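The file protein-v5.txt comes next; it holds compact mmCIF, C-alpha atoms.
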# COMPACT_ATOMS: atom_id res chain seq x y z
CA MET D 6 54.92 17.86 15.01
CA THR D 7 53.07 21.11 15.48
CA SER D 8 54.56 23.86 17.65
CA PRO D 9 52.32 24.53 20.65
CA THR D 10 51.40 27.93 21.98
CA PRO D 11 51.52 28.33 25.77
CA ILE D 12 48.08 27.51 27.10
CA SER D 13 46.21 30.07 29.19
CA PRO D 14 43.01 29.65 31.21
CA GLY D 15 40.07 29.16 28.87
CA SER D 16 42.17 29.18 25.68
CA GLU D 17 41.10 27.04 22.75
CA GLY D 18 42.62 25.56 19.62
CA ILE D 19 46.18 24.83 20.77
CA SER D 20 47.69 21.79 19.07
CA VAL D 21 49.78 19.24 20.95
CA ALA D 22 51.44 16.44 19.03
CA VAL D 23 51.92 13.08 20.73
CA ASP D 24 53.80 10.01 19.55
CA PRO D 25 52.81 6.99 21.65
CA VAL D 26 55.78 4.67 21.87
CA GLU D 27 53.68 1.70 22.88
CA HIS D 28 50.08 0.69 23.40
CA HIS D 29 48.42 2.35 26.40
CA SER D 30 45.19 1.18 28.03
CA ILE D 31 42.30 3.08 29.60
CA GLY D 32 43.18 4.29 33.09
CA ASP D 33 46.95 4.25 32.57
CA ILE D 34 48.92 7.28 33.72
CA VAL D 35 51.40 8.36 31.06
CA PHE D 36 54.09 11.03 31.03
CA LEU D 37 54.15 13.54 28.18
CA SER D 38 57.57 15.09 27.65
CA ASN D 39 59.59 16.99 25.09
CA ALA D 40 62.66 14.97 26.14
CA GLN D 41 64.38 12.95 23.48
CA ALA D 42 64.26 9.63 25.30
CA SER D 43 62.76 6.20 25.22
CA GLY D 44 60.91 4.75 28.17
CA PRO D 45 57.59 4.87 29.98
CA TRP D 46 56.39 8.12 28.45
CA MET D 47 55.04 9.59 25.25
CA ARG D 48 57.18 11.87 23.15
CA ALA D 49 55.11 15.04 22.95
CA GLU D 50 55.44 18.72 22.21
CA VAL D 51 53.97 20.45 25.25
CA PRO D 52 54.37 24.05 26.45
CA LEU D 53 57.42 24.63 28.63
CA GLY D 54 55.15 25.54 31.55
CA GLY D 55 53.16 22.34 31.17
CA LEU D 56 49.37 22.25 30.90
CA PRO D 57 46.69 23.01 33.49
CA VAL D 58 45.11 20.05 35.24
CA GLY D 59 41.78 18.99 33.83
CA VAL D 60 42.69 19.64 30.21
CA ARG D 61 41.26 17.03 27.85
CA LEU D 62 43.41 16.25 24.82
CA ALA D 63 41.49 15.08 21.77
CA PRO D 64 42.46 14.37 18.15
CA VAL D 65 42.07 17.42 15.93
CA SER D 66 39.69 15.45 13.71
CA THR D 67 37.40 14.50 16.64
CA PRO D 68 37.74 17.30 19.25
CA ASN D 69 34.88 15.95 21.37
CA ASP D 70 36.48 12.52 21.77
CA ALA D 71 39.31 13.09 24.26
CA VAL D 72 42.00 10.45 24.64
CA LEU D 73 43.98 11.99 27.54
CA LEU D 74 43.19 14.00 30.67
CA THR D 75 46.00 16.03 32.24
CA VAL D 76 46.35 15.39 35.97
CA ARG D 77 49.70 16.96 36.92
CA THR D 78 52.60 19.03 35.63
CA GLY D 79 55.84 17.97 37.24
CA TRP D 80 59.14 16.16 37.14
CA LEU D 81 59.95 12.54 36.42
CA PRO D 82 62.94 11.60 38.62
CA ALA D 83 66.29 11.01 36.98
CA MET D 84 66.56 7.45 35.74
CA GLU D 85 68.70 5.37 33.43
CA LEU D 86 66.55 6.33 30.42
CA SER D 87 66.62 10.08 31.18
CA PRO D 88 68.71 12.25 28.87
CA GLY D 89 71.99 13.07 30.62
CA GLY D 90 70.72 11.53 33.84
CA HIS D 91 68.62 14.60 34.61
CA ALA D 92 65.09 14.72 35.96
CA VAL D 93 62.60 15.26 33.13
CA HIS D 94 59.86 17.90 33.15
CA GLY D 95 56.50 17.18 31.56
CA VAL D 96 52.83 16.45 32.06
CA PHE D 97 51.22 13.40 33.64
CA ALA D 98 47.97 12.41 31.94
CA LYS D 99 45.33 9.72 32.37
CA VAL D 100 44.41 7.64 29.34
CA LEU D 101 40.68 8.02 28.63
CA ARG D 102 40.53 5.60 25.73
CA ALA D 103 42.95 3.11 24.22
CA ILE D 104 45.75 4.75 22.24
CA PRO D 105 47.48 2.66 19.59
CA PRO D 106 51.10 3.24 18.58
CA GLY D 107 51.53 6.04 16.10
CA HIS D 108 51.34 9.81 15.79
CA MET D 109 48.42 12.05 16.74
CA ASP D 110 47.89 15.78 16.76
CA LEU D 111 45.84 16.66 19.81
CA VAL D 112 43.91 19.77 20.70
CA PRO D 113 43.27 20.76 24.34
CA GLY D 114 39.94 21.77 25.81
CA LYS D 115 38.25 21.93 29.22
CA ALA D 116 34.89 20.40 30.08
CA GLY D 117 34.45 22.48 33.24
CA ARG D 118 36.26 23.97 36.20
CA SER D 119 39.10 22.18 37.97
CA LEU D 120 38.67 21.82 41.72
CA ALA D 121 41.15 20.91 44.46
CA TRP D 122 39.94 20.39 48.01
CA ILE D 123 42.23 19.97 50.97
CA THR D 124 41.23 18.53 54.33
CA LEU D 125 43.39 19.58 57.30
CA SER D 126 43.14 17.00 60.06
CA ASP D 127 45.83 15.26 62.10
CA SER D 128 43.59 12.30 62.89
CA ALA D 129 42.25 11.86 59.35
CA ALA D 130 45.75 12.15 57.89
CA ALA D 131 46.88 9.45 60.32
CA GLY D 132 44.06 7.18 59.18
CA GLN D 133 42.32 7.32 62.56
CA LYS D 134 39.05 8.74 61.21
CA GLU D 135 37.27 9.21 57.93
CA ASP D 136 37.37 12.51 56.07
CA THR D 137 33.71 13.54 55.93
CA SER D 138 34.20 17.22 55.05
CA GLY D 139 36.28 17.16 51.87
CA PRO D 140 33.80 15.11 49.81
CA VAL D 141 31.04 17.58 50.79
CA ILE D 142 33.03 20.33 49.07
CA GLU D 143 33.24 18.39 45.81
CA ASP D 144 29.55 17.45 45.87
CA MET D 145 28.46 21.05 46.44
CA VAL D 146 30.74 22.58 43.80
CA ARG D 147 29.66 19.98 41.23
CA SER D 148 26.03 20.84 41.99
CA ALA D 149 26.70 24.54 41.40
CA MET D 150 28.80 24.49 38.21
CA PRO D 151 30.37 22.16 35.63
CA VAL D 152 33.48 20.46 37.04
CA GLY D 153 35.77 18.73 34.58
CA TYR D 154 38.34 17.54 37.09
CA ALA D 155 38.40 17.31 40.89
CA GLU D 156 41.03 16.01 43.27
CA GLY D 157 41.14 15.76 47.06
CA PHE D 158 44.13 16.06 49.38
CA LEU D 159 44.55 15.13 53.03
CA LEU D 160 47.10 16.86 55.24
CA PRO D 161 47.83 17.07 58.95
CA ASP D 162 47.62 20.55 60.51
CA ASP D 163 50.92 21.70 59.03
CA GLU D 164 51.25 25.35 58.05
CA ILE D 165 54.33 24.95 55.83
CA ARG D 166 53.05 21.93 53.92
CA LEU D 167 49.66 23.56 53.33
CA ARG D 168 51.22 26.76 51.99
CA ALA D 169 53.49 24.78 49.65
CA LEU D 170 50.64 22.61 48.40
CA VAL D 171 48.27 25.51 47.68
CA ALA D 172 51.02 27.44 45.88
CA ASP D 173 51.77 24.40 43.70
CA LEU D 174 48.10 23.70 42.96
CA ALA D 175 47.45 27.31 41.96
CA ILE D 176 50.64 28.23 40.10
CA ALA D 177 52.12 25.01 38.69
CA GLN D 178 48.98 22.87 38.32
CA ARG D 179 46.65 25.82 37.57
CA PHE D 180 43.54 24.61 39.35
CA ASP D 181 40.61 27.02 39.08
CA ILE D 182 39.22 26.52 42.59
CA ILE D 183 41.12 25.51 45.73
CA ILE D 184 39.11 24.99 48.92
CA THR D 185 40.49 23.97 52.30
CA THR D 186 38.54 22.65 55.27
CA GLY D 187 39.82 22.77 58.83
CA GLY D 188 42.31 24.83 60.79
CA THR D 189 40.29 28.08 60.92
CA GLY D 190 39.55 28.12 64.65
CA LEU D 191 41.52 29.14 67.73
CA ALA D 192 43.16 25.86 68.75
CA PRO D 193 46.97 25.97 68.83
CA THR D 194 47.16 23.75 65.74
CA ASP D 195 44.66 25.86 63.74
CA ARG D 196 47.04 27.56 61.32
CA THR D 197 45.21 27.65 57.98
CA PRO D 198 44.89 31.47 57.84
CA GLU D 199 48.58 31.83 58.70
CA ALA D 200 49.45 29.36 55.93
CA LEU D 201 47.36 31.03 53.24
CA THR D 202 47.58 34.77 53.94
CA PRO D 203 51.22 35.19 52.80
CA ILE D 204 50.49 33.74 49.35
CA LEU D 205 47.09 35.35 48.69
CA GLU D 206 47.66 37.98 46.02
CA ARG D 207 44.29 39.68 46.47
CA ARG D 208 41.99 39.12 49.41
CA LEU D 209 38.27 38.68 48.73
CA PRO D 210 36.70 40.23 51.85
CA GLY D 211 33.19 39.95 50.43
CA LEU D 212 33.42 36.17 50.34
CA GLU D 213 34.88 36.15 53.84
CA GLN D 214 32.02 38.29 55.08
CA VAL D 215 29.21 36.24 53.57
CA MET D 216 30.73 33.08 55.05
CA ILE D 217 30.97 34.68 58.49
CA ALA D 218 27.41 35.96 58.20
CA SER D 219 26.24 32.47 57.31
CA SER D 220 27.93 31.04 60.40
CA LEU D 221 26.57 33.80 62.66
CA ALA D 222 23.05 33.04 61.48
CA LYS D 223 23.47 29.58 63.00
CA THR D 224 25.59 30.21 66.10
CA PRO D 225 27.28 33.13 67.92
CA HIS D 226 30.46 31.07 67.77
CA GLY D 227 30.61 32.03 64.11
CA ALA D 228 32.24 35.26 65.26
CA LEU D 229 35.34 33.25 66.12
CA THR D 230 35.93 31.87 62.61
CA ARG D 231 39.11 32.96 60.88
CA SER D 232 38.29 31.83 57.34
CA VAL D 233 40.07 33.67 54.55
CA ALA D 234 39.46 33.97 50.81
CA GLY D 235 41.54 35.35 47.99
CA THR D 236 43.30 34.72 44.69
CA VAL D 237 46.56 32.99 43.81
CA GLY D 238 47.37 33.18 40.13
CA HIS D 239 44.18 32.37 38.22
CA ALA D 240 42.68 30.42 41.15
CA ILE D 241 40.22 31.43 43.83
CA VAL D 242 41.17 30.04 47.23
CA LEU D 243 38.68 29.58 50.08
CA SER D 244 39.26 28.28 53.59
CA LEU D 245 36.31 26.70 55.40
CA PRO D 246 35.83 25.39 58.94
CA GLY D 247 36.37 21.69 59.57
CA SER D 248 32.92 20.22 60.26
CA PRO D 249 30.71 19.00 57.39
CA LYS D 250 27.86 21.17 58.73
CA ALA D 251 29.99 24.32 58.69
CA VAL D 252 31.36 23.43 55.26
CA ARG D 253 27.81 23.29 53.88
CA GLU D 254 26.78 26.56 55.52
CA ASN D 255 29.85 28.54 54.43
CA LEU D 256 30.14 27.13 50.93
CA GLU D 257 26.43 27.62 50.26
CA ALA D 258 26.95 31.33 50.95
CA ALA D 259 30.08 31.66 48.76
CA LEU D 260 29.15 29.54 45.74
CA PRO D 261 26.75 31.98 44.02
CA ALA D 262 29.60 34.43 43.39
CA LEU D 263 32.34 31.92 42.63
CA GLY D 264 31.70 31.29 38.93
CA HIS D 265 31.41 34.97 38.06
CA GLY D 266 34.54 35.74 40.07
CA LEU D 267 36.53 33.10 38.21
CA ASP D 268 35.35 34.44 34.85
CA LYS D 269 36.65 37.90 35.73
CA LEU D 270 39.87 36.64 37.27
CA GLN D 271 40.63 34.61 34.15
CA GLY D 272 40.11 37.41 31.68
CA ASP D 273 36.39 37.86 30.95
CA THR D 274 35.93 41.50 29.89
CA THR D 275 32.14 41.49 29.71
CA PRO D 276 30.74 44.42 31.76
CA CYS D 277 29.42 43.13 35.07
CA ALA D 278 26.05 44.82 34.48
CA ALA D 279 25.60 42.64 31.39
CA THR D 280 26.20 39.33 33.17

As structure tokens:
Amino acid sequence: MTSPTPISPGSEGISVAVDPVEHHSIGDIVFLSNAQASGPWMRAEVPLGGLPVGVRLAPVSTPNDAVLLTVRTGWLPAMELSPGGHAVHGVFAKVLRAIPPGHMDLVPGKAGRSLAWITLSDSAAAGQKEDTSGPVIEDMVRSAMPVGYAEGFLLPDDEIRLRALVADLAIAQRFDIIITTGGTGLAPTDRTPEALTPILERRLPGLEQVMIASSLAKTPHGALTRSVAGTVGHAIVLSLPGSPKAVRENLEAALPALGHGLDKLQGDTTPCAAT
């Protein structure tokens, strides 16, 4: 097997070797692990820190024909097949095309940005109403830039759980864009700013200001919004109000700067005047 180099945002040409232990079908979720074990995973050489979500793994000989899509870095619980009875760390991936038994050297690449959107709503999380705001986020981001992988999450208004989820999505899963909707008002349960502010490494006041200006252009109540924006790791994090209408208004104002901001955050050294 080839020895992988730790992957970084936007990096190319890193080889990952995978030995499927059995036939896997399209749509299956498989577990890629360095662990010397048999069981429901593929023996693979992956970086110790895992791989970012949204990475497409393709054979070296056909780099445009991906066979796997990474969807999560994490732990497989301890089980009878685990070495020493320990939990096993690795990467969960979705099978994009049938993989026969054998050995393949795979190269990672990304087809676009990775997006996580999080809806904060007690009633939606309890199944009492439909989430109509989160899907608007995905539709708008896809319309503005290439998105290779998107995933939605639904949480009740819970400050601790939101902070933990955003930290995991940004640091462990390495999403590019994380957008929340809900919890930015003045109700007692509106705690999104309190959840996010402690983990934001750099605030982005310009994005906050354009979103507030967009709301104020529609209603004086826009002055009461407490939306925040900033960076966590290599991700840009935005918090939006909860209604689909406000999501559209705020995100429309922020999107034009988002792609350029991500490029700079993830290492683009091109002078801004040239872009």

Region 48-76 of chain D residues near region 90-114 of chain D within 8 Å, closest pair each, using all atoms listed in the file, as a Markdown table:
| residue | atom | partner | partner_atom | distance |
| --- | --- | --- | --- | --- |
| D:Val51 | CA | D:Gly95 | CA | 7.5 |
| D:Gly55 | CA | D:Val96 | CA | 6.0 |
| D:Leu56 | CA | D:Val96 | CA | 6.9 |
| D:Val60 | CA | D:Gly114 | CA | 5.6 |
| D:Arg61 | CA | D:Gly114 | CA | 5.3 |
| D:Leu62 | CA | D:Pro113 | CA | 4.5 |
| D:Ala63 | CA | D:Leu111 | CA | 5.0 |
| D:Pro64 | CA | D:Leu111 | CA | 4.4 |
| D:Val65 | CA | D:Leu111 | CA | 5.5 |
| D:Pro68 | CA | D:Val112 | CA | 6.8 |
| D:Ala71 | CA | D:Leu101 | CA | 6.8 |
| D:Val72 | CA | D:Leu101 | CA | 4.9 |
| D:Leu73 | CA | D:Val100 | CA | 4.7 |
| D:Leu74 | CA | D:Lys99 | CA | 5.1 |
| D:Thr75 | CA | D:Ala98 | CA | 4.1 |
| D:Val76 | CA | D:Ala98 | CA | 5.3 |

Task: Residue among D:Ala192, D:Leu212, D:Ala131, D:Ala22 lying closest to Gly266 (chain D), counting all atoms listed in the file - done: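 Comparing D:Ala192, D:Leu212, D:Ala131, D:Ala22 against Gly266 (chain D), the winner is D:Leu212.
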
Task: Among listed residues D:Glu257, D:Asp24, D:Glu206, D:Asp127, nearest Asp162 (chain D) (using all atoms listed in the file) - done: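 Looking at the shortest contact to Asp162 (chain D), the residue is D:Asp127.
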
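For the set D:Phe180, D:Arg208, D:Ala222, D:His239, the residue with the smallest atom-to-atom gap to Gly272 (chain D) is D:His239, counting only C-alpha atoms.
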
TODO: Select, from D:Leu167, D:Leu270, D:Met145, D:Ala200, the residue with the minimum atom-to-atom distance to Leu256 (chain D), counting only C-alpha atoms.
DONE: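 That would be D:Met145, the residue with the smallest distance to Leu256 (chain D).
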
- [ ] Mind giving me the straight-line distance from CA of Val23 (chain D) to CA of Ser66 (chain D) in Å, one decimal?
- [x] 14.3 Å

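Here the question is which of D:Ala240, D:Leu81, D:Ile184, D:Ala49 gets nearest to Leu125 (chain D) using all atoms listed in the file, and that residue is D:Ile184.
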
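Atom pair CA of Thr189 (chain D) / CA of Thr236 (chain D) has a distance of 17.8 Å (rounded to one decimal).
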
Task: For Pro140 (chain D), the nearest of the candidates D:Val152, D:Val252, D:Ile182, D:Ile241, counting only C-alpha atoms - done: D:Val252

Open item on the list: Just the number, please: distance in Å from CA of Arg196 (chain D) to CA of Glu164 (chain D), one decimal.
Closed with: 5.8 Å

Open item on the list: Can you pull out the residues contacting Ser244 (chain D)? Cut-off 8 Å, using all atoms listed in the file, and skip same-chain residues under 2 positions away; I want them as a ChimeraX atom specification.
Closed with: /D:184-187,189,197-198,232-234,242,246

TODO: For Ala258 (chain D), please output as number ranges by chain all residues within 10 Å (counting all atoms listed in the file; exclusion window: fewer than 5 positions along the same chain).
DONE: D: 212-220, 253, 263

What would region 196-212 of chain D look like with N, CA, C and O atoms in place, written as a tab-separated table (two decimals), in the coordinates of the input?
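Result went into out-v7.tsv, see below:
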chain	number	residue	atom	x	y	z
D	196	ARG	N	46.11	26.63	61.96
D	196	ARG	CA	47.04	27.56	61.32
D	196	ARG	C	46.73	27.80	59.84
D	196	ARG	O	47.57	28.31	59.10
D	197	THR	N	45.53	27.46	59.40
D	197	THR	CA	45.21	27.65	57.98
D	197	THR	C	45.30	29.11	57.54
D	197	THR	O	45.91	29.40	56.49
D	198	PRO	N	44.74	30.08	58.27
D	198	PRO	CA	44.89	31.47	57.84
D	198	PRO	C	46.35	31.91	57.76
D	198	PRO	O	46.74	32.64	56.83
D	199	GLU	N	47.16	31.47	58.71
D	199	GLU	CA	48.58	31.83	58.70
D	199	GLU	C	49.30	31.20	57.51
D	199	GLU	O	50.27	31.77	56.98
D	200	ALA	N	48.84	30.01	57.09
D	200	ALA	CA	49.45	29.36	55.93
D	200	ALA	C	49.09	30.06	54.63
D	200	ALA	O	49.93	30.22	53.73
D	201	LEU	N	47.85	30.51	54.51
D	201	LEU	CA	47.36	31.03	53.24
D	201	LEU	C	47.61	32.52	53.04
D	201	LEU	O	47.90	32.96	51.92
D	202	THR	N	47.50	33.31	54.09
D	202	THR	CA	47.58	34.77	53.94
D	202	THR	C	48.84	35.25	53.22
D	202	THR	O	48.76	36.13	52.35
D	203	PRO	N	50.02	34.69	53.49
D	203	PRO	CA	51.22	35.19	52.80
D	203	PRO	C	51.22	34.97	51.29
D	203	PRO	O	51.94	35.68	50.57
D	204	ILE	N	50.46	34.01	50.80
D	204	ILE	CA	50.49	33.74	49.35
D	204	ILE	C	49.26	34.28	48.63
D	204	ILE	O	49.22	34.25	47.39
D	205	LEU	N	48.25	34.77	49.36
D	205	LEU	CA	47.09	35.35	48.69
D	205	LEU	C	47.49	36.67	48.04
D	205	LEU	O	47.99	37.58	48.71
D	206	GLU	N	47.28	36.77	46.74
D	206	GLU	CA	47.66	37.98	46.02
D	206	GLU	C	46.64	39.09	46.20
D	206	GLU	O	47.00	40.27	46.29
D	207	ARG	N	45.37	38.71	46.22
D	207	ARG	CA	44.29	39.68	46.47
D	207	ARG	C	43.26	39.03	47.38
D	207	ARG	O	42.72	37.97	47.05
D	208	ARG	N	43.01	39.63	48.51
D	208	ARG	CA	41.99	39.12	49.41
D	208	ARG	C	40.60	39.39	48.82
D	208	ARG	O	40.38	40.37	48.08
D	209	LEU	N	39.66	38.53	49.16
D	209	LEU	CA	38.27	38.68	48.73
D	209	LEU	C	37.41	38.83	49.99
D	209	LEU	O	36.78	37.87	50.44
D	210	PRO	N	37.41	40.04	50.58
D	210	PRO	CA	36.70	40.23	51.85
D	210	PRO	C	35.20	39.99	51.76
D	210	PRO	O	34.58	39.61	52.74
D	211	GLY	N	34.62	40.20	50.57
D	211	GLY	CA	33.19	39.95	50.43
D	211	GLY	C	32.85	38.50	50.66
D	211	GLY	O	31.86	38.18	51.33
D	212	LEU	N	33.66	37.58	50.11
D	212	LEU	CA	33.42	36.17	50.34
D	212	LEU	C	33.64	35.81	51.81
D	212	LEU	O	32.87	35.03	52.39
